[in-house]
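Enquirer: File follows, protein-v5.cif with mmCIF, C-alpha atoms and all ligand atoms:
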data_upload
#
loop_
_atom_site.group_PDB
_atom_site.id
_atom_site.type_symbol
_atom_site.label_atom_id
_atom_site.label_comp_id
_atom_site.auth_asym_id
_atom_site.auth_seq_id
_atom_site.Cartn_x
_atom_site.Cartn_y
_atom_site.Cartn_z
ATOM 1 C CA MET A 1 52.244 185.340 -78.963
ATOM 2 C CA ALA A 2 52.349 182.736 -76.217
ATOM 3 C CA GLU A 3 50.692 183.773 -72.961
ATOM 4 C CA ILE A 4 51.367 180.502 -71.157
ATOM 5 C CA ALA A 5 54.811 179.427 -69.973
ATOM 6 C CA ILE A 6 55.979 176.150 -68.549
ATOM 7 C CA ILE A 7 59.120 176.185 -66.428
ATOM 8 C CA GLY A 8 60.539 172.676 -66.426
ATOM 9 C CA GLY A 9 62.452 171.285 -63.458
ATOM 10 C CA THR A 10 64.633 168.252 -62.823
ATOM 11 C CA GLY A 11 63.245 165.384 -64.909
ATOM 12 C CA LEU A 12 61.530 167.781 -67.306
ATOM 13 C CA THR A 13 64.268 169.456 -69.338
ATOM 14 C CA SER A 14 62.307 168.656 -72.475
ATOM 15 C CA LEU A 15 58.648 168.159 -73.293
ATOM 16 C CA HIS A 16 58.209 165.300 -75.816
ATOM 17 C CA ASN A 17 54.652 166.385 -76.523
ATOM 18 C CA LEU A 18 55.663 169.965 -77.382
ATOM 19 C CA LYS A 19 55.806 170.661 -81.132
ATOM 20 C CA ILE A 20 58.754 173.042 -81.220
ATOM 21 C CA LEU A 21 58.371 176.022 -83.556
ATOM 22 C CA ARG A 22 61.359 178.207 -82.681
ATOM 23 C CA ARG A 23 63.846 179.214 -79.998
ATOM 24 C CA GLU A 24 64.545 182.763 -78.821
ATOM 25 C CA VAL A 25 67.540 184.074 -76.893
ATOM 26 C CA VAL A 26 66.368 186.845 -74.556
ATOM 27 C CA HIS A 27 68.764 189.178 -72.711
ATOM 28 C CA THR A 28 67.523 190.918 -69.585
ATOM 29 C CA PRO A 29 68.784 193.708 -67.307
ATOM 30 C CA TYR A 30 69.351 190.912 -64.743
ATOM 31 C CA GLY A 31 71.553 188.805 -66.998
ATOM 32 C CA GLU A 32 70.906 185.681 -69.018
ATOM 33 C CA PRO A 33 68.023 183.267 -68.459
ATOM 34 C CA SER A 34 68.772 179.539 -68.046
ATOM 35 C CA GLY A 35 68.583 179.093 -71.830
ATOM 36 C CA PRO A 36 66.751 180.188 -74.949
ATOM 37 C CA LEU A 37 62.975 180.314 -74.652
ATOM 38 C CA VAL A 38 61.482 177.383 -76.551
ATOM 39 C CA TYR A 39 58.245 178.248 -78.379
ATOM 40 C CA GLY A 40 55.975 175.474 -79.428
ATOM 41 C CA SER A 41 52.454 174.166 -79.481
ATOM 42 C CA LEU A 42 51.000 171.873 -76.882
ATOM 43 C CA ALA A 43 47.433 170.633 -77.246
ATOM 44 C CA ASP A 44 47.127 173.063 -80.195
ATOM 45 C CA LYS A 45 47.958 176.108 -78.060
ATOM 46 C CA GLN A 46 51.095 178.248 -78.179
ATOM 47 C CA VAL A 47 53.285 177.897 -75.107
ATOM 48 C CA VAL A 48 56.795 178.922 -74.077
ATOM 49 C CA PHE A 49 58.988 176.353 -72.372
ATOM 50 C CA LEU A 50 62.022 177.192 -70.243
ATOM 51 C CA PRO A 51 64.059 174.459 -68.541
ATOM 52 C CA ARG A 52 65.017 176.027 -65.205
ATOM 53 C CA HIS A 53 68.329 174.166 -64.892
ATOM 54 C CA GLY A 54 69.322 174.878 -68.506
ATOM 55 C CA PRO A 55 68.832 172.737 -71.620
ATOM 56 C CA GLY A 56 71.537 170.297 -70.490
ATOM 57 C CA HIS A 57 70.481 170.319 -66.800
ATOM 58 C CA THR A 58 73.754 171.947 -65.719
ATOM 59 C CA ILE A 59 72.674 174.882 -63.489
ATOM 60 C CA PRO A 60 72.284 173.962 -59.795
ATOM 61 C CA PRO A 61 69.334 175.456 -57.844
ATOM 62 C CA HIS A 62 71.342 178.162 -56.031
ATOM 63 C CA LYS A 63 72.964 179.341 -59.293
ATOM 64 C CA ILE A 64 69.789 179.704 -61.341
ATOM 65 C CA ASN A 65 69.188 183.281 -62.441
ATOM 66 C CA TYR A 66 65.568 183.339 -61.295
ATOM 67 C CA ARG A 67 65.233 187.051 -61.987
ATOM 68 C CA ALA A 68 66.383 186.715 -65.591
ATOM 69 C CA ASN A 69 64.079 183.724 -66.151
ATOM 70 C CA VAL A 70 60.962 185.423 -64.806
ATOM 71 C CA TYR A 71 61.799 188.773 -66.411
ATOM 72 C CA ALA A 72 62.335 187.134 -69.816
ATOM 73 C CA LEU A 73 58.937 185.436 -69.662
ATOM 74 C CA LYS A 74 57.199 188.691 -68.743
ATOM 75 C CA GLU A 75 59.098 190.527 -71.476
ATOM 76 C CA VAL A 76 57.794 188.226 -74.224
ATOM 77 C CA GLY A 77 54.190 188.633 -73.102
ATOM 78 C CA VAL A 78 53.609 185.636 -70.841
ATOM 79 C CA LYS A 79 50.691 185.985 -68.403
ATOM 80 C CA LYS A 80 50.473 182.527 -66.801
ATOM 81 C CA VAL A 81 53.288 180.301 -65.600
ATOM 82 C CA ILE A 82 53.081 176.624 -64.695
ATOM 83 C CA ALA A 83 56.216 175.745 -62.765
ATOM 84 C CA VAL A 84 57.114 172.067 -62.621
ATOM 85 C CA ALA A 85 59.320 170.994 -59.733
ATOM 86 C CA ALA A 86 60.803 167.781 -58.378
ATOM 87 C CA VAL A 87 60.447 167.601 -54.599
ATOM 88 C CA GLY A 88 60.934 165.324 -51.629
ATOM 89 C CA GLY A 89 57.881 164.168 -49.681
ATOM 90 C CA ILE A 90 57.696 165.031 -45.979
ATOM 91 C CA HIS A 91 54.058 164.175 -45.215
ATOM 92 C CA ALA A 92 53.712 160.380 -45.091
ATOM 93 C CA ASP A 93 50.963 160.355 -47.745
ATOM 94 C CA LEU A 94 53.150 162.132 -50.275
ATOM 95 C CA THR A 95 55.011 159.177 -51.724
ATOM 96 C CA PRO A 96 57.271 158.974 -54.809
ATOM 97 C CA GLY A 97 55.523 159.532 -58.118
ATOM 98 C CA ARG A 98 52.597 161.466 -56.631
ATOM 99 C CA LEU A 99 51.806 165.005 -57.812
ATOM 100 C CA VAL A 100 51.108 167.942 -55.497
ATOM 101 C CA VAL A 101 49.751 171.404 -56.310
ATOM 102 C CA PRO A 102 51.029 173.367 -53.299
ATOM 103 C CA ASP A 103 49.107 176.315 -51.873
ATOM 104 C CA GLN A 104 51.740 177.719 -49.510
ATOM 105 C CA ILE A 105 55.486 178.087 -49.316
ATOM 106 C CA ILE A 106 58.136 178.742 -46.674
ATOM 107 C CA ASP A 107 61.432 180.164 -47.854
ATOM 108 C CA TYR A 108 64.633 178.759 -46.305
ATOM 109 C CA THR A 109 66.897 179.882 -49.159
ATOM 110 C CA TRP A 110 69.553 182.599 -48.853
ATOM 111 C CA GLY A 111 71.894 184.644 -51.007
ATOM 112 C CA ARG A 112 69.722 184.543 -54.142
ATOM 113 C CA GLY A 113 68.505 187.535 -56.140
ATOM 114 C CA THR A 114 65.074 187.712 -54.542
ATOM 115 C CA THR A 115 63.452 190.885 -55.874
ATOM 116 C CA PHE A 116 63.144 193.224 -58.836
ATOM 117 C CA PHE A 117 62.494 196.079 -56.415
ATOM 118 C CA GLU A 118 65.840 197.068 -54.943
ATOM 119 C CA ASP A 119 67.626 199.628 -57.143
ATOM 120 C CA SER A 120 66.643 203.097 -58.403
ATOM 121 C CA LEU A 121 63.311 202.975 -56.608
ATOM 122 C CA LYS A 122 61.006 205.970 -56.393
ATOM 123 C CA GLN A 123 59.456 204.267 -53.389
ATOM 124 C CA VAL A 124 59.941 201.013 -51.458
ATOM 125 C CA VAL A 125 57.646 198.235 -52.742
ATOM 126 C CA HIS A 126 56.193 195.397 -50.637
ATOM 127 C CA ILE A 127 54.107 192.892 -52.609
ATOM 128 C CA ASP A 128 51.234 191.003 -50.990
ATOM 129 C CA PHE A 129 52.326 187.358 -50.813
ATOM 130 C CA THR A 130 49.696 185.978 -48.409
ATOM 131 C CA THR A 131 48.674 183.411 -51.008
ATOM 132 C CA PRO A 132 51.893 182.797 -52.963
ATOM 133 C CA TYR A 133 50.326 180.818 -55.817
ATOM 134 C CA CYS A 134 47.663 181.900 -58.322
ATOM 135 C CA GLU A 135 44.508 180.201 -57.013
ATOM 136 C CA GLU A 136 42.772 180.288 -60.398
ATOM 137 C CA LEU A 137 45.649 178.424 -62.057
ATOM 138 C CA ARG A 138 45.909 175.982 -59.143
ATOM 139 C CA GLN A 139 42.228 175.130 -59.573
ATOM 140 C CA VAL A 140 42.638 174.541 -63.318
ATOM 141 C CA LEU A 141 45.569 172.181 -62.646
ATOM 142 C CA LEU A 142 43.421 170.305 -60.125
ATOM 143 C CA GLN A 143 40.447 170.171 -62.497
ATOM 144 C CA ALA A 144 42.651 168.724 -65.259
ATOM 145 C CA SER A 145 44.167 166.294 -62.806
ATOM 146 C CA GLY A 146 40.676 165.137 -61.782
ATOM 147 C CA GLN A 147 39.755 164.592 -65.444
ATOM 148 C CA LEU A 148 42.815 162.356 -65.802
ATOM 149 C CA GLY A 149 42.012 160.457 -62.609
ATOM 150 C CA LEU A 150 45.351 161.329 -61.021
ATOM 151 C CA ASN A 151 45.689 161.145 -57.253
ATOM 152 C CA THR A 152 47.111 164.683 -57.021
ATOM 153 C CA ALA A 153 47.333 166.301 -53.574
ATOM 154 C CA PRO A 154 45.251 169.503 -53.837
ATOM 155 C CA ARG A 155 47.329 171.545 -51.409
ATOM 156 C CA GLY A 156 50.545 171.450 -49.449
ATOM 157 C CA ILE A 157 53.206 173.641 -47.925
ATOM 158 C CA TYR A 158 56.394 173.730 -49.991
ATOM 159 C CA ALA A 159 59.667 174.207 -48.100
ATOM 160 C CA ALA A 160 62.200 175.911 -50.368
ATOM 161 C CA THR A 161 65.692 174.909 -49.246
ATOM 162 C CA GLN A 162 69.043 176.149 -50.483
ATOM 163 C CA GLY A 163 70.597 172.950 -51.823
ATOM 164 C CA PRO A 164 72.296 171.696 -53.802
ATOM 165 C CA ARG A 165 72.781 169.047 -51.122
ATOM 166 C CA LEU A 166 69.766 167.156 -49.867
ATOM 167 C CA GLU A 167 68.673 167.753 -46.265
ATOM 168 C CA THR A 168 69.719 165.976 -43.081
ATOM 169 C CA ALA A 169 67.117 163.835 -41.306
ATOM 170 C CA ALA A 170 66.989 166.473 -38.541
ATOM 171 C CA GLU A 171 66.320 169.219 -41.084
ATOM 172 C CA ILE A 172 63.413 167.235 -42.525
ATOM 173 C CA ASN A 173 62.037 166.792 -38.977
ATOM 174 C CA ARG A 174 62.334 170.524 -38.443
ATOM 175 C CA LEU A 175 60.557 171.268 -41.736
ATOM 176 C CA GLU A 176 57.761 168.934 -40.642
ATOM 177 C CA ARG A 177 57.464 170.768 -37.315
ATOM 178 C CA ASP A 178 57.183 173.974 -39.340
ATOM 179 C CA GLY A 179 54.199 172.400 -41.102
ATOM 180 C CA CYS A 180 55.877 171.694 -44.448
ATOM 181 C CA ASP A 181 54.591 168.825 -46.617
ATOM 182 C CA ILE A 182 57.138 168.826 -49.441
ATOM 183 C CA VAL A 183 60.688 170.069 -49.897
ATOM 184 C CA GLY A 184 62.414 171.382 -53.000
ATOM 185 C CA MET A 185 65.232 173.757 -53.896
ATOM 186 C CA THR A 186 63.772 175.999 -56.603
ATOM 187 C CA GLY A 187 60.369 177.236 -55.408
ATOM 188 C CA MET A 188 61.845 180.516 -54.149
ATOM 189 C CA PRO A 189 62.485 183.188 -55.163
ATOM 190 C CA GLU A 190 60.754 182.122 -58.392
ATOM 191 C CA ALA A 191 57.214 182.384 -56.990
ATOM 192 C CA ALA A 192 57.814 185.790 -55.397
ATOM 193 C CA LEU A 193 59.447 187.197 -58.524
ATOM 194 C CA ALA A 194 56.468 186.059 -60.585
ATOM 195 C CA ARG A 195 54.156 187.864 -58.153
ATOM 196 C CA GLU A 196 56.289 191.009 -58.355
ATOM 197 C CA LEU A 197 55.710 191.048 -62.118
ATOM 198 C CA ALA A 198 51.983 190.236 -61.704
ATOM 199 C CA LEU A 199 52.251 186.845 -63.406
ATOM 200 C CA CYS A 200 49.683 184.179 -62.534
ATOM 201 C CA TYR A 201 52.004 181.439 -61.234
ATOM 202 C CA ALA A 202 51.329 177.956 -59.845
ATOM 203 C CA THR A 203 53.496 174.913 -59.218
ATOM 204 C CA CYS A 204 52.967 171.299 -60.111
ATOM 205 C CA ALA A 205 55.337 169.350 -57.861
ATOM 206 C CA VAL A 206 56.333 165.739 -58.402
ATOM 207 C CA ILE A 207 57.495 163.656 -55.457
ATOM 208 C CA ALA A 208 60.883 162.209 -56.411
ATOM 209 C CA ASN A 209 61.722 160.644 -53.042
ATOM 210 C CA MET A 210 60.756 160.652 -49.403
ATOM 211 C CA GLY A 211 62.577 163.348 -47.424
ATOM 212 C CA ALA A 212 65.915 162.384 -45.874
ATOM 213 C CA GLY A 213 65.521 159.873 -43.052
ATOM 214 C CA ARG A 214 61.921 159.007 -44.027
ATOM 215 C CA GLY A 215 62.544 156.081 -46.371
ATOM 216 C CA ASP A 216 64.298 152.806 -45.651
ATOM 217 C CA GLN A 217 67.218 153.520 -48.007
ATOM 218 C CA ALA A 218 69.799 156.261 -48.535
ATOM 219 C CA LEU A 219 68.813 158.775 -51.212
ATOM 220 C CA THR A 220 70.551 158.279 -54.540
ATOM 221 C CA MET A 221 70.297 160.299 -57.743
ATOM 222 C CA GLU A 222 69.529 157.061 -59.639
ATOM 223 C CA GLN A 223 66.512 156.403 -57.446
ATOM 224 C CA ILE A 224 65.316 159.992 -57.629
ATOM 225 C CA GLU A 225 65.630 159.981 -61.428
ATOM 226 C CA SER A 226 63.810 156.683 -61.821
ATOM 227 C CA ASN A 227 60.889 157.877 -59.616
ATOM 228 C CA LEU A 228 60.757 161.109 -61.566
ATOM 229 C CA LYS A 229 60.437 159.283 -64.895
ATOM 230 C CA VAL A 230 57.073 157.928 -63.769
ATOM 231 C CA GLY A 231 55.828 161.198 -62.239
ATOM 232 C CA MET A 232 56.927 163.357 -65.170
ATOM 233 C CA GLU A 233 54.895 161.261 -67.617
ATOM 234 C CA ASP A 234 51.842 162.179 -65.517
ATOM 235 C CA VAL A 235 52.969 165.813 -65.626
ATOM 236 C CA ARG A 236 53.167 165.735 -69.431
ATOM 237 C CA HIS A 237 49.600 164.409 -69.595
ATOM 238 C CA LEU A 238 48.479 166.928 -67.001
ATOM 239 C CA LEU A 239 49.963 169.810 -68.987
ATOM 240 C CA GLU A 240 48.272 168.587 -72.151
ATOM 241 C CA MET A 241 44.928 168.514 -70.322
ATOM 242 C CA THR A 242 45.485 171.841 -68.514
ATOM 243 C CA ILE A 243 46.623 174.060 -71.396
ATOM 244 C CA PRO A 244 43.303 173.998 -73.334
ATOM 245 C CA LEU A 245 41.450 174.947 -70.121
ATOM 246 C CA LEU A 246 43.441 178.177 -69.744
HETATM 247 N N1 LIG A 301 64.955 167.721 -50.946
HETATM 248 C C1 LIG A 301 65.080 168.886 -51.642
HETATM 249 N N2 LIG A 301 64.868 168.973 -52.938
HETATM 250 C C2 LIG A 301 64.513 167.863 -53.599
HETATM 251 C C3 LIG A 301 64.357 166.632 -52.946
HETATM 252 C C4 LIG A 301 64.593 166.556 -51.550
HETATM 253 O O1 LIG A 301 64.480 165.507 -50.907
HETATM 254 N N3 LIG A 301 64.003 165.720 -53.898
HETATM 255 C C5 LIG A 301 63.940 166.393 -55.078
HETATM 256 N N4 LIG A 301 64.230 167.685 -54.902
#
Do you think you could lay out the structure here as structure tokens?
Ligand code: HPA
Expert:
Amino acid sequence: MAEIAIIGGTGLTSLHNLKILRREVVHTPYGEPSGPLVYGSLADKQVVFLPRHGPGHTIPPHKINYRANVYALKEVGVKKVIAVAAVGGIHADLTPGRLVVPDQIIDYTWGRGTTFFEDSLKQVVHIDFTTPYCEELRQVLLQASGQLGLNTAPRGIYAATQGPRLETAAEINRLERDGCDIVGMTGMPEAALARELALCYATCAVIANMGAGRGDQALTMEQIESNLKVGMEDVRHLLEMTIPLL
């Protein structure tokens, strides 16, 4: 049984260093996950891989069935989840290619299935979400990153926006005033759902671009993808170093 899951984001729909053993289609009471769960071994340990946007990168952030994804992982016995996410950099130091292990999140998304606790309840449930990420897992990611000599930012506030469009320059300025360091479209409700199911969940974010209005050029998908290629290679190494420490 694999107790560690990796949720891949844009730029990480496959893990070259994962030795794939089998795939499993899991159905959940919340519908279908983004794709079959991919079981394999990474650094000689069993892991489950799930590309958040689907195997062919076809599901946009607001259409992802976050509940089905998180439920499916819990159902097969996963205990720890490393979520990989492409983000824009808001803080000036967070430049393309750099990795960030965020410690806080602000949710600007809407209209997504945000909880498992809404129907047929015996009692209303409010989870504690003061620290949205699993600190133990965050520290292991940072330890592994240090061993690799990566210049990973050890904390940051992740702004989860609705997408699929990128932000306006004014929206990025507003996010900065709110204290946000990075911006992405998939951090919520994924993190909260993981907490609801008592999964240890942390994010490894890769800066794909500077936030809108912060760079000297317009944002293009080509540029974002080419920056991600570099950052995701670091992520693959980081995962290989992290998994044996868990
Ligand atoms: N904004 C939101 N999500 C993103 C960005 C961005 O600039 N880059 C990659 N994902």
Enquirer: Please extract the residues at most 9 Å from ligand LIG 301 (chain A), counting all atoms listed in the file, and provide them as a ChimeraX atom specification, using the chain letters and residue numbers of this document.
Expert: /A:10,85-90,159-167,172,182-186,206-212,219,224,228
Enquirer: So that I can check the surroundings of Leu245 of chain A, please list as JSON, numbers by chain every protein, DNA and RNA residue that reaches within 9 Å of it, counting all atoms listed in the file and ignoring chain neighbours fewer than 2 positions away.
Expert: {"A": [140, 141, 144, 241, 242, 243]}
Enquirer: If you count all atoms listed in the file, which residues fall within 9 Å of Gly77 of chain A, apart from same-chain ones fewer than 4 positions away, as an MDAnalysis selection string?
Expert: chainID A and resid 1:4 72:73
Enquirer: May I ask for the distance between atom CA of Ala68 of chain A and atom CA of Glu32 of chain A, given in Å to one decimal place?
Expert: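 It comes out at 5.8 Å.
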Enquirer: Taking a cut-off of 12 Å and counting all atoms listed in the file, can you build a table that, for each residue of segment 29-100 of chain A near segment 111-134 of chain A, reports the nearest atom pair and how far apart they are in Å (one decimal), sorted by chain then residue number, as CSV?
Expert:
residue,atom,partner,partner_atom,distance
A:Pro29,CA,A:Phe116,CA,10.2
A:Tyr30,CA,A:Phe116,CA,8.9
A:Gly31,CA,A:Gly113,CA,11.3
A:Pro61,CA,A:Arg112,CA,9.8
A:His62,CA,A:Arg112,CA,6.8
A:Lys63,CA,A:Arg112,CA,8.0
A:Ile64,CA,A:Arg112,CA,8.7
A:Asn65,CA,A:Gly113,CA,7.6
A:Tyr66,CA,A:Gly113,CA,7.3
A:Arg67,CA,A:Gly113,CA,6.7
A:Ala68,CA,A:Gly113,CA,9.7
A:Asn69,CA,A:Gly113,CA,11.6
A:Val70,CA,A:Phe116,CA,10.1
A:Tyr71,CA,A:Phe116,CA,8.9
A:Lys79,CA,A:Cys134,CA,11.3
A:Lys80,CA,A:Cys134,CA,9.0
A:Val81,CA,A:Cys134,CA,9.3
A:Ile82,CA,A:Cys134,CA,9.9
A:Ala83,CA,A:Tyr133,CA,10.4
Enquirer: Take atom CA of Arg138 of chain A and atom CA of Cys200 of chain A and report the distance between them in Å, one decimal.
Expert: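 For atom CA of Arg138 of chain A relative to atom CA of Cys200 of chain A, the distance reads 9.6 Å.
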Enquirer: So which residues touch Ile157 of chain A within 9 Å, counting only C-alpha atoms, skipping near sequence neighbours fewer than 4 positions away, as a compact mmCIF listing (two decimals) with C-alpha atoms, keeping the file's coordinate frame?
Expert:
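Result went into result_34.txt, see below:
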# COMPACT_ATOMS: atom_id res chain seq x y z
CA PRO A 102 51.03 173.37 -53.30
CA ASP A 103 49.11 176.32 -51.87
CA GLN A 104 51.74 177.72 -49.51
CA ILE A 105 55.49 178.09 -49.32
CA ILE A 106 58.14 178.74 -46.67
CA GLY A 179 54.20 172.40 -41.10
CA CYS A 180 55.88 171.69 -44.45
CA ASP A 181 54.59 168.82 -46.62
CA ILE A 182 57.14 168.83 -49.44
CA VAL A 183 60.69 170.07 -49.90
